[in-house]
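K.L.:
The file below is work_35.pdb, PDB, C-alpha atoms and all ligand atoms:
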ATOM      1  CA  MET A   1     188.303  66.147  80.068  1.00  0.00           C
ATOM      2  CA  ILE A   2     191.522  65.999  82.088  1.00  0.00           C
ATOM      3  CA  ASN A   3     193.460  69.270  82.023  1.00  0.00           C
ATOM      4  CA  PRO A   4     196.946  68.299  80.728  1.00  0.00           C
ATOM      5  CA  MET A   5     198.602  70.997  82.842  1.00  0.00           C
ATOM      6  CA  ILE A   6     197.174  69.382  85.986  1.00  0.00           C
ATOM      7  CA  LYS A   7     198.225  65.977  84.679  1.00  0.00           C
ATOM      8  CA  PHE A   8     201.720  67.359  84.011  1.00  0.00           C
ATOM      9  CA  LYS A   9     201.995  68.769  87.525  1.00  0.00           C
ATOM     10  CA  SER A  10     201.021  65.482  89.067  1.00  0.00           C
ATOM     11  CA  CYS A  11     203.608  63.580  86.920  1.00  0.00           C
ATOM     12  CA  TRP A  12     206.299  66.126  87.809  1.00  0.00           C
ATOM     13  CA  ASP A  13     205.425  65.824  91.525  1.00  0.00           C
ATOM     14  CA  GLU A  14     205.659  62.035  91.222  1.00  0.00           C
ATOM     15  CA  ALA A  15     209.054  62.393  89.462  1.00  0.00           C
ATOM     16  CA  LYS A  16     210.284  64.782  92.169  1.00  0.00           C
ATOM     17  CA  SER A  17     209.319  62.386  94.927  1.00  0.00           C
ATOM     18  CA  SER A  18     211.026  59.445  93.230  1.00  0.00           C
ATOM     19  CA  LEU A  19     214.339  58.681  94.922  1.00  0.00           C
ATOM     20  CA  LYS A  20     215.643  57.195  91.682  1.00  0.00           C
ATOM     21  CA  LEU A  21     215.643  60.490  89.764  1.00  0.00           C
ATOM     22  CA  LYS A  22     218.544  62.823  90.523  1.00  0.00           C
ATOM     23  CA  HIS A  23     217.370  65.574  88.143  1.00  0.00           C
ATOM     24  CA  PRO A  24     213.577  65.296  87.895  1.00  0.00           C
ATOM     25  CA  SER A  25     213.306  68.887  86.651  1.00  0.00           C
ATOM     26  CA  ALA A  26     215.675  68.409  83.713  1.00  0.00           C
ATOM     27  CA  VAL A  27     213.975  69.182  80.425  1.00  0.00           C
ATOM     28  CA  CYS A  28     215.383  69.237  76.901  1.00  0.00           C
ATOM     29  CA  VAL A  29     214.576  72.596  75.291  1.00  0.00           C
ATOM     30  CA  SER A  30     214.736  72.516  71.509  1.00  0.00           C
ATOM     31  CA  THR A  31     215.105  75.762  69.609  1.00  0.00           C
ATOM     32  CA  ILE A  32     215.669  76.574  65.948  1.00  0.00           C
ATOM     33  CA  ASP A  33     219.042  78.098  65.155  1.00  0.00           C
ATOM     34  CA  GLU A  34     219.830  80.840  62.671  1.00  0.00           C
ATOM     35  CA  TYR A  35     220.373  78.252  59.897  1.00  0.00           C
ATOM     36  CA  GLY A  36     217.053  76.517  60.566  1.00  0.00           C
ATOM     37  CA  PHE A  37     218.583  73.536  62.400  1.00  0.00           C
ATOM     38  CA  PRO A  38     217.000  72.257  65.619  1.00  0.00           C
ATOM     39  CA  SER A  39     219.188  72.557  68.711  1.00  0.00           C
ATOM     40  CA  GLY A  40     218.406  70.784  71.989  1.00  0.00           C
ATOM     41  CA  ARG A  41     219.907  71.083  75.461  1.00  0.00           C
ATOM     42  CA  PHE A  42     218.777  70.389  79.013  1.00  0.00           C
ATOM     43  CA  VAL A  43     217.738  73.084  81.453  1.00  0.00           C
ATOM     44  CA  ASP A  44     215.972  73.021  84.820  1.00  0.00           C
ATOM     45  CA  LEU A  45     212.243  73.536  84.799  1.00  0.00           C
ATOM     46  CA  LYS A  46     211.569  76.186  87.445  1.00  0.00           C
ATOM     47  CA  SER A  47     207.797  76.135  87.592  1.00  0.00           C
ATOM     48  CA  VAL A  48     204.623  75.358  85.723  1.00  0.00           C
ATOM     49  CA  ASP A  49     201.096  76.709  85.853  1.00  0.00           C
ATOM     50  CA  GLU A  50     198.140  77.320  83.530  1.00  0.00           C
ATOM     51  CA  SER A  51     200.084  79.963  81.595  1.00  0.00           C
ATOM     52  CA  GLY A  52     203.097  77.788  80.851  1.00  0.00           C
ATOM     53  CA  PHE A  53     206.472  76.259  81.666  1.00  0.00           C
ATOM     54  CA  ILE A  54     209.274  78.484  83.028  1.00  0.00           C
ATOM     55  CA  PHE A  55     213.034  77.989  82.735  1.00  0.00           C
ATOM     56  CA  CYS A  56     215.915  80.404  83.319  1.00  0.00           C
ATOM     57  CA  THR A  57     219.092  81.051  81.411  1.00  0.00           C
ATOM     58  CA  ASN A  58     221.535  83.595  80.054  1.00  0.00           C
ATOM     59  CA  LEU A  59     219.557  85.684  77.565  1.00  0.00           C
ATOM     60  CA  ASP A  60     222.644  86.115  75.346  1.00  0.00           C
ATOM     61  CA  SER A  61     223.231  82.334  75.127  1.00  0.00           C
ATOM     62  CA  GLN A  62     222.560  80.441  71.925  1.00  0.00           C
ATOM     63  CA  LYS A  63     219.110  79.349  73.143  1.00  0.00           C
ATOM     64  CA  GLY A  64     218.354  82.913  74.282  1.00  0.00           C
ATOM     65  CA  ARG A  65     219.236  84.313  70.865  1.00  0.00           C
ATOM     66  CA  ASP A  66     217.416  81.491  69.036  1.00  0.00           C
ATOM     67  CA  ILE A  67     214.208  82.198  70.956  1.00  0.00           C
ATOM     68  CA  GLN A  68     214.410  85.927  70.358  1.00  0.00           C
ATOM     69  CA  ARG A  69     214.634  85.150  66.615  1.00  0.00           C
ATOM     70  CA  ASN A  70     212.059  82.332  66.628  1.00  0.00           C
ATOM     71  CA  PRO A  71     209.816  81.762  69.687  1.00  0.00           C
ATOM     72  CA  LYS A  72     208.720  78.261  68.553  1.00  0.00           C
ATOM     73  CA  VAL A  73     210.238  75.730  70.961  1.00  0.00           C
ATOM     74  CA  GLY A  74     209.901  72.103  71.991  1.00  0.00           C
ATOM     75  CA  LEU A  75     210.242  70.735  75.531  1.00  0.00           C
ATOM     76  CA  THR A  76     210.956  67.036  76.121  1.00  0.00           C
ATOM     77  CA  PHE A  77     210.905  65.278  79.497  1.00  0.00           C
ATOM     78  CA  TRP A  78     211.852  61.658  80.150  1.00  0.00           C
ATOM     79  CA  TRP A  79     211.281  60.353  83.645  1.00  0.00           C
ATOM     80  CA  GLU A  80     212.568  56.805  83.520  1.00  0.00           C
ATOM     81  CA  ALA A  81     211.691  55.973  87.127  1.00  0.00           C
ATOM     82  CA  ILE A  82     207.995  56.627  86.534  1.00  0.00           C
ATOM     83  CA  GLY A  83     207.898  55.677  82.850  1.00  0.00           C
ATOM     84  CA  TYR A  84     206.647  58.917  81.327  1.00  0.00           C
ATOM     85  CA  GLN A  85     207.814  60.903  78.329  1.00  0.00           C
ATOM     86  CA  VAL A  86     206.204  64.324  77.896  1.00  0.00           C
ATOM     87  CA  ARG A  87     206.546  66.481  74.793  1.00  0.00           C
ATOM     88  CA  VAL A  88     205.401  70.077  74.618  1.00  0.00           C
ATOM     89  CA  ASN A  89     205.336  72.411  71.630  1.00  0.00           C
ATOM     90  CA  GLY A  90     204.762  76.051  72.266  1.00  0.00           C
ATOM     91  CA  LEU A  91     205.697  79.676  72.031  1.00  0.00           C
ATOM     92  CA  ALA A  92     208.318  81.119  74.368  1.00  0.00           C
ATOM     93  CA  SER A  93     208.325  84.663  75.671  1.00  0.00           C
ATOM     94  CA  GLN A  94     210.631  86.358  78.137  1.00  0.00           C
ATOM     95  CA  ILE A  95     209.472  86.610  81.763  1.00  0.00           C
ATOM     96  CA  SER A  96     209.721  89.959  83.542  1.00  0.00           C
ATOM     97  CA  SER A  97     212.930  90.966  85.243  1.00  0.00           C
ATOM     98  CA  ILE A  98     211.084  90.988  88.595  1.00  0.00           C
ATOM     99  CA  THR A  99     209.983  87.366  88.137  1.00  0.00           C
ATOM    100  CA  ALA A 100     213.507  86.384  87.021  1.00  0.00           C
ATOM    101  CA  GLU A 101     214.876  88.064  90.164  1.00  0.00           C
ATOM    102  CA  LYS A 102     212.750  85.713  92.276  1.00  0.00           C
ATOM    103  CA  TYR A 103     214.376  82.657  90.601  1.00  0.00           C
ATOM    104  CA  TRP A 104     217.857  84.232  90.761  1.00  0.00           C
ATOM    105  CA  LYS A 105     217.536  84.410  94.549  1.00  0.00           C
ATOM    106  CA  THR A 106     216.825  80.665  94.776  1.00  0.00           C
ATOM    107  CA  ARG A 107     220.183  79.820  93.138  1.00  0.00           C
ATOM    108  CA  SER A 108     223.257  78.882  95.154  1.00  0.00           C
ATOM    109  CA  ARG A 109     226.002  81.492  95.546  1.00  0.00           C
ATOM    110  CA  ASN A 110     228.342  79.323  93.457  1.00  0.00           C
ATOM    111  CA  ALA A 111     225.788  79.093  90.643  1.00  0.00           C
ATOM    112  CA  GLN A 112     225.373  82.879  90.749  1.00  0.00           C
ATOM    113  CA  ILE A 113     229.149  83.422  90.610  1.00  0.00           C
ATOM    114  CA  THR A 114     229.425  80.971  87.717  1.00  0.00           C
ATOM    115  CA  THR A 115     226.813  82.974  85.822  1.00  0.00           C
ATOM    116  CA  LEU A 116     228.659  86.224  86.499  1.00  0.00           C
ATOM    117  CA  SER A 117     231.999  84.758  85.473  1.00  0.00           C
ATOM    118  CA  CYS A 118     230.866  83.226  82.152  1.00  0.00           C
ATOM    119  CA  LYS A 119     229.690  84.434  78.788  1.00  0.00           C
ATOM    120  CA  GLN A 120     227.448  81.429  78.192  1.00  0.00           C
ATOM    121  CA  SER A 121     227.816  79.792  74.745  1.00  0.00           C
ATOM    122  CA  GLN A 122     230.915  81.848  73.813  1.00  0.00           C
ATOM    123  CA  PRO A 123     234.209  80.087  72.948  1.00  0.00           C
ATOM    124  CA  LEU A 124     236.647  79.288  75.783  1.00  0.00           C
ATOM    125  CA  LEU A 125     240.421  79.004  75.234  1.00  0.00           C
ATOM    126  CA  SER A 126     241.100  76.456  77.978  1.00  0.00           C
ATOM    127  CA  GLU A 127     239.456  74.720  80.925  1.00  0.00           C
ATOM    128  CA  GLN A 128     241.890  76.544  83.205  1.00  0.00           C
ATOM    129  CA  ASP A 129     240.561  79.898  81.947  1.00  0.00           C
ATOM    130  CA  LEU A 130     237.114  78.881  83.206  1.00  0.00           C
ATOM    131  CA  TYR A 131     238.417  78.280  86.745  1.00  0.00           C
ATOM    132  CA  ASN A 132     240.476  81.482  86.648  1.00  0.00           C
ATOM    133  CA  GLN A 133     237.447  83.527  85.566  1.00  0.00           C
ATOM    134  CA  PHE A 134     235.415  81.984  88.401  1.00  0.00           C
ATOM    135  CA  GLU A 135     238.071  82.646  91.067  1.00  0.00           C
ATOM    136  CA  GLU A 136     238.582  86.197  89.834  1.00  0.00           C
ATOM    137  CA  VAL A 137     234.876  87.033  90.199  1.00  0.00           C
ATOM    138  CA  LYS A 138     234.620  85.203  93.536  1.00  0.00           C
ATOM    139  CA  LYS A 139     237.565  87.157  94.955  1.00  0.00           C
ATOM    140  CA  ASN A 140     236.059  90.494  93.947  1.00  0.00           C
ATOM    141  CA  ILE A 141     232.523  89.888  95.166  1.00  0.00           C
ATOM    142  CA  GLN A 142     231.848  91.061  98.662  1.00  0.00           C
ATOM    143  CA  ASP A 143     228.053  91.455  98.464  1.00  0.00           C
ATOM    144  CA  THR A 144     226.071  89.159 100.712  1.00  0.00           C
ATOM    145  CA  GLN A 145     223.304  89.218  98.088  1.00  0.00           C
ATOM    146  CA  ILE A 146     224.655  89.024  94.540  1.00  0.00           C
ATOM    147  CA  PRO A 147     222.500  91.149  92.207  1.00  0.00           C
ATOM    148  CA  LYS A 148     221.017  89.484  89.119  1.00  0.00           C
ATOM    149  CA  PRO A 149     222.882  90.428  85.949  1.00  0.00           C
ATOM    150  CA  GLU A 150     220.803  92.175  83.265  1.00  0.00           C
ATOM    151  CA  ASN A 151     221.356  89.340  80.785  1.00  0.00           C
ATOM    152  CA  TRP A 152     220.120  86.540  83.062  1.00  0.00           C
ATOM    153  CA  GLY A 153     216.403  85.894  82.848  1.00  0.00           C
ATOM    154  CA  GLY A 154     213.844  83.349  81.872  1.00  0.00           C
ATOM    155  CA  PHE A 155     211.285  82.230  79.357  1.00  0.00           C
ATOM    156  CA  ILE A 156     207.770  80.969  79.721  1.00  0.00           C
ATOM    157  CA  VAL A 157     206.583  78.453  77.155  1.00  0.00           C
ATOM    158  CA  LYS A 158     202.851  78.678  76.440  1.00  0.00           C
ATOM    159  CA  PRO A 159     201.876  75.170  75.317  1.00  0.00           C
ATOM    160  CA  MET A 160     200.196  74.578  71.958  1.00  0.00           C
ATOM    161  CA  SER A 161     200.293  70.793  72.277  1.00  0.00           C
ATOM    162  CA  ILE A 162     201.232  68.358  75.032  1.00  0.00           C
ATOM    163  CA  GLU A 163     201.810  64.657  74.533  1.00  0.00           C
ATOM    164  CA  PHE A 164     202.150  62.144  77.361  1.00  0.00           C
ATOM    165  CA  LEU A 165     203.637  58.761  76.547  1.00  0.00           C
ATOM    166  CA  THR A 166     203.250  56.058  79.153  1.00  0.00           C
ATOM    167  CA  PHE A 167     206.183  53.738  78.565  1.00  0.00           C
ATOM    168  CA  LYS A 168     205.412  50.024  78.304  1.00  0.00           C
ATOM    169  CA  GLU A 169     208.086  47.336  78.189  1.00  0.00           C
ATOM    170  CA  SER A 170     205.888  45.600  75.582  1.00  0.00           C
ATOM    171  CA  ARG A 171     206.413  48.704  73.368  1.00  0.00           C
ATOM    172  CA  LEU A 172     202.628  49.167  73.288  1.00  0.00           C
ATOM    173  CA  HIS A 173     203.146  52.633  74.719  1.00  0.00           C
ATOM    174  CA  ILE A 174     200.060  54.712  75.411  1.00  0.00           C
ATOM    175  CA  ARG A 175     200.259  58.118  73.732  1.00  0.00           C
ATOM    176  CA  GLU A 176     197.824  60.878  74.663  1.00  0.00           C
ATOM    177  CA  LEU A 177     197.990  64.074  72.639  1.00  0.00           C
ATOM    178  CA  TYR A 178     196.323  67.195  74.045  1.00  0.00           C
ATOM    179  CA  THR A 179     195.620  70.159  71.765  1.00  0.00           C
ATOM    180  CA  PRO A 180     193.573  73.256  72.549  1.00  0.00           C
ATOM    181  CA  ILE A 181     190.428  73.624  70.456  1.00  0.00           C
ATOM    182  CA  GLU A 182     188.358  76.767  71.078  1.00  0.00           C
ATOM    183  CA  ASP A 183     190.061  77.325  74.449  1.00  0.00           C
ATOM    184  CA  LYS A 184     189.382  73.760  75.615  1.00  0.00           C
ATOM    185  CA  TRP A 185     191.896  70.936  75.691  1.00  0.00           C
ATOM    186  CA  GLN A 186     190.996  67.970  73.475  1.00  0.00           C
ATOM    187  CA  MET A 187     192.661  64.597  73.834  1.00  0.00           C
ATOM    188  CA  SER A 188     193.352  62.117  71.059  1.00  0.00           C
ATOM    189  CA  LEU A 189     195.314  58.880  71.129  1.00  0.00           C
ATOM    190  CA  LEU A 190     198.277  58.197  68.852  1.00  0.00           C
ATOM    191  CA  GLN A 191     199.668  54.840  67.800  1.00  0.00           C
ATOM    192  CA  PRO A 192     202.956  54.039  69.510  1.00  0.00           C
TER     193      PRO A 192
HETATM  194  C1  LIG B 201     220.612  68.630  83.998  1.00  0.00           C
HETATM  195  C2  LIG B 201     221.046  69.946  83.389  1.00  0.00           C
HETATM  196  C3  LIG B 201     220.430  71.114  83.801  1.00  0.00           C
HETATM  197  C4  LIG B 201     220.812  72.338  83.236  1.00  0.00           C
HETATM  198  N1  LIG B 201     220.128  73.475  83.618  1.00  0.00           N
HETATM  199  C5  LIG B 201     220.381  74.631  82.977  1.00  0.00           C
HETATM  200  C6  LIG B 201     219.558  75.784  83.224  1.00  0.00           C
HETATM  201  O1  LIG B 201     218.598  75.764  84.017  1.00  0.00           O
HETATM  202  N2  LIG B 201     219.860  76.929  82.547  1.00  0.00           N
HETATM  203  C7  LIG B 201     220.888  76.993  81.644  1.00  0.00           C
HETATM  204  O2  LIG B 201     221.105  78.068  81.076  1.00  0.00           O
HETATM  205  N3  LIG B 201     221.667  75.921  81.386  1.00  0.00           N
HETATM  206  C8  LIG B 201     221.440  74.740  82.013  1.00  0.00           C
HETATM  207  N4  LIG B 201     222.198  73.631  81.729  1.00  0.00           N
HETATM  208  C9  LIG B 201     223.291  73.750  80.724  1.00  0.00           C
HETATM  209  C10 LIG B 201     222.655  73.664  79.303  1.00  0.00           C
HETATM  210  O3  LIG B 201     222.400  72.312  78.972  1.00  0.00           O
HETATM  211  C11 LIG B 201     223.529  74.296  78.196  1.00  0.00           C
HETATM  212  O4  LIG B 201     224.789  73.685  78.140  1.00  0.00           O
HETATM  213  C12 LIG B 201     223.717  75.801  78.366  1.00  0.00           C
HETATM  214  O5  LIG B 201     222.524  76.439  78.807  1.00  0.00           O
HETATM  215  C13 LIG B 201     224.164  76.454  77.059  1.00  0.00           C
HETATM  216  O6  LIG B 201     223.227  76.167  76.054  1.00  0.00           O
HETATM  217  P1  LIG B 201     223.149  76.985  74.675  1.00  0.00           P
HETATM  218  O7  LIG B 201     224.576  77.319  74.264  1.00  0.00           O
HETATM  219  O8  LIG B 201     222.488  76.066  73.722  1.00  0.00           O
HETATM  220  O9  LIG B 201     222.344  78.233  74.930  1.00  0.00           O
HETATM  221  C14 LIG B 201     221.867  72.393  82.278  1.00  0.00           C
HETATM  222  C15 LIG B 201     222.484  71.188  81.869  1.00  0.00           C
HETATM  223  C16 LIG B 201     222.085  70.009  82.431  1.00  0.00           C
HETATM  224  C17 LIG B 201     222.765  68.729  81.953  1.00  0.00           C
END
Could you write out this structure as C-alpha cells?

P.N.:
Amino acid sequence: MINPMIKFKSCWDEAKSSLKLKHPSAVCVSTIDEYGFPSGRFVDLKSVDESGFIFCTNLDSQKGRDIQRNPKVGLTFWWEAIGYQVRVNGLASQISSITAEKYWKTRSRNAQITTLSCKQSQPLLSEQDLYNQFEEVKKNIQDTQIPKPENWGGFIVKPMSIEFLTFKESRLHIRELYTPIEDKWQMSLLQP
C-alpha cells in the first residue's frame, strides 16, 4: 500500500518544480468559527512529514483562536499545473516555540516587520494606517536579527484522512481516499 504522506511529498515536489505555479505551497486551511461556520483562507505550507503538515501564523488571529477552540481542520491544495487536488482532514496542535523560531528565521525581514506591526485579523481604520504602522516599527528596529514575537507560531495537522484527486478534462477524475485503519493506511476509490 502506498503511504499517502510519501505520495503527498512527491506531488508537492512536482508542484514546486513546476515553473507554472507561483505559490505551490499555498494551502487553504479551513477552521470552524465560534458560531460553527467553516472559515477558509490560504497559508503557506512550511513542511510535511509522517507526523503531519506544518503552517505558521499569528496565534491570536481568527484561525489561531478557532483552532484553540476546535482543533478539527481541513487543508485543501489545488495544483493546476500538475492536475492534483488534495484534501486533508485532521487535528491541529501548536508546534513548540523552538520549532516556530526555526521557521521565523526563514522569513524575510519585511515579512517579520509586517508581523510585528500588525494585529492580524483585527479591524483597521484605513490602508494608510497599515503603512504607518509598518514604517513606525521599521524605524524603531535596529536588531540585525528580529526576535520572534510570543504570539507568532505554528500548527501541525495530524491527518485523519487524505484524498488525492487526479483531474481529468473528461471529468472522470480519479479520487483516492486514504484513511488509517489500525495504524495502517487503507485506500479506497470514490466516484468523481
Ligand atoms: C498565497 C497566500 C499565502 C499566505 N500565507 C500565509 C501564512 O503562511 N500565514 C498567515 O498567517 N497568513 C497567510 N496568508 C494570509 C491569510 O490568507 C489570511 O488573510 C490571514 O492569515 C488572516 O486569516 P484569519 O483572519 O482567518 O486568521 C496568505 C495568503 C495568501 C493568499

K.L.:
Taking into account all atoms listed in the file, which residue in the set A:Ala111, A:Ala81, A:Ile162, A:Leu91 is nearest to ligand LIG 201 (chain B)?

P.N.:
A:Ala111

K.L.:
Taking every listed atom of ligand LIG 201 (chain B) and adding 8 Å to each side, what centre and edge lengths in Å (one decimal) does the axis-aligned box have, as AutoDock Vina command-line options?

P.N.:
--center_x 221.7 --center_y 73.4 --center_z 78.9 --size_x 22.2 --size_y 25.6 --size_z 26.3

K.L.:
Convert the output of the PyMOL selection byres (((not hetatm)) within 10 of (chain B and resi 201)) on the shown file into explicit residues, formatted as number ranges by chain.

P.N.:
A: 22-31, 33, 39-46, 54-67, 115, 119-122, 152-154

K.L.:
Mind pulling up the distance from atom CA of Lys148 of chain A to atom CA of Ser96 of chain A?

P.N.:
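Here the two named atoms are 12.6 Å from each other.
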
K.L.:
The PyMOL selection byres (((chain A and resi 84) around 7) and not hetatm) on the file shown: which residues, as a ChimeraX atom specification?

P.N.:
/A:78-80,82-83,85-86,164-167

K.L.:
Considering all atoms listed in the file, state which residue in the set A:Gly74, A:Pro159, A:Pro192, A:Pro123 is at the smallest distance from Leu172 of chain A.

P.N.:
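Between A:Gly74, A:Pro159, A:Pro192, A:Pro123, the residue approaching Leu172 of chain A most closely is A:Pro192.
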
K.L.:
Would you write out, as an MDAnalysis selection string, every residue that the PyMOL selection byres (((chain A and resi 156) around 6) and not hetatm) captures in this file?

P.N.:
chainID A and resid 52:54 92:93 155 157

K.L.:
Quick one: everything within 12 Å of Ile6 of chain A, counting all atoms listed in the file, minus sequence neighbours fewer than 3 positions away in the same chain. Send it as an MDAnalysis selection string.

P.N.:
chainID A and resid 1:3 9:13 48:52 162 185

K.L.:
Please compute the atom CA of Ile146 of chain A-atom CA of Ser117 of chain A distance, one decimal, in Å.

P.N.:
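Distance reported for this atom pair: 12.4 Å.
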
K.L.:
Between atom CA of Ile95 of chain A and atom CA of Arg107 of chain A, what is the spacing in Å?

P.N.:
17.0 Å

K.L.:
With distances taken over all atoms listed in the file, which of A:Arg69, A:Lys16, A:Lys105, A:Arg175 is nearest to Pro149 of chain A?

P.N.:
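Comparing A:Arg69, A:Lys16, A:Lys105, A:Arg175 against Pro149 of chain A, the winner is A:Lys105.
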
K.L.:
Between A:Lys102, A:Asn110, A:Met5, A:Glu150, single out the one closest to Glu135 of chain A, counting all atoms listed in the file.

P.N.:
A:Asn110

K.L.:
Let me make sure I understand: among A:Met160, A:Leu189, A:Ile181, A:Cys118, which one has the smallest atom-to-atom distance to Asn132 of chain A if we use only C-alpha atoms?

P.N.:
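Once distances to Asn132 of chain A are computed over only C-alpha atoms, the minimum belongs to A:Cys118.
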
K.L.:
Select all residues near (196.6, 56.0, 68.5) (cut-off 10 Å, inclusive, file coordinates), counting only C-alpha atoms, and output them as a PyMOL selection string.

P.N.:
chain A and resi 173-177+188-192

K.L.:
Any idea what's packed within 6 Å of Ser161 of chain A, counting all atoms listed in the file, ignoring anything in its chain fewer than 5 positions away? Could you give it as a ChimeraX atom specification?

P.N.:
/A:88-89,178-179

K.L.:
Could you tell me which of A:Asn70, A:Gln128, A:Leu21, A:Thr99 comes closest to Gly36 of chain A if we count only C-alpha atoms?

P.N.:
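Smallest separation from Gly36 of chain A among the options: A:Asn70.
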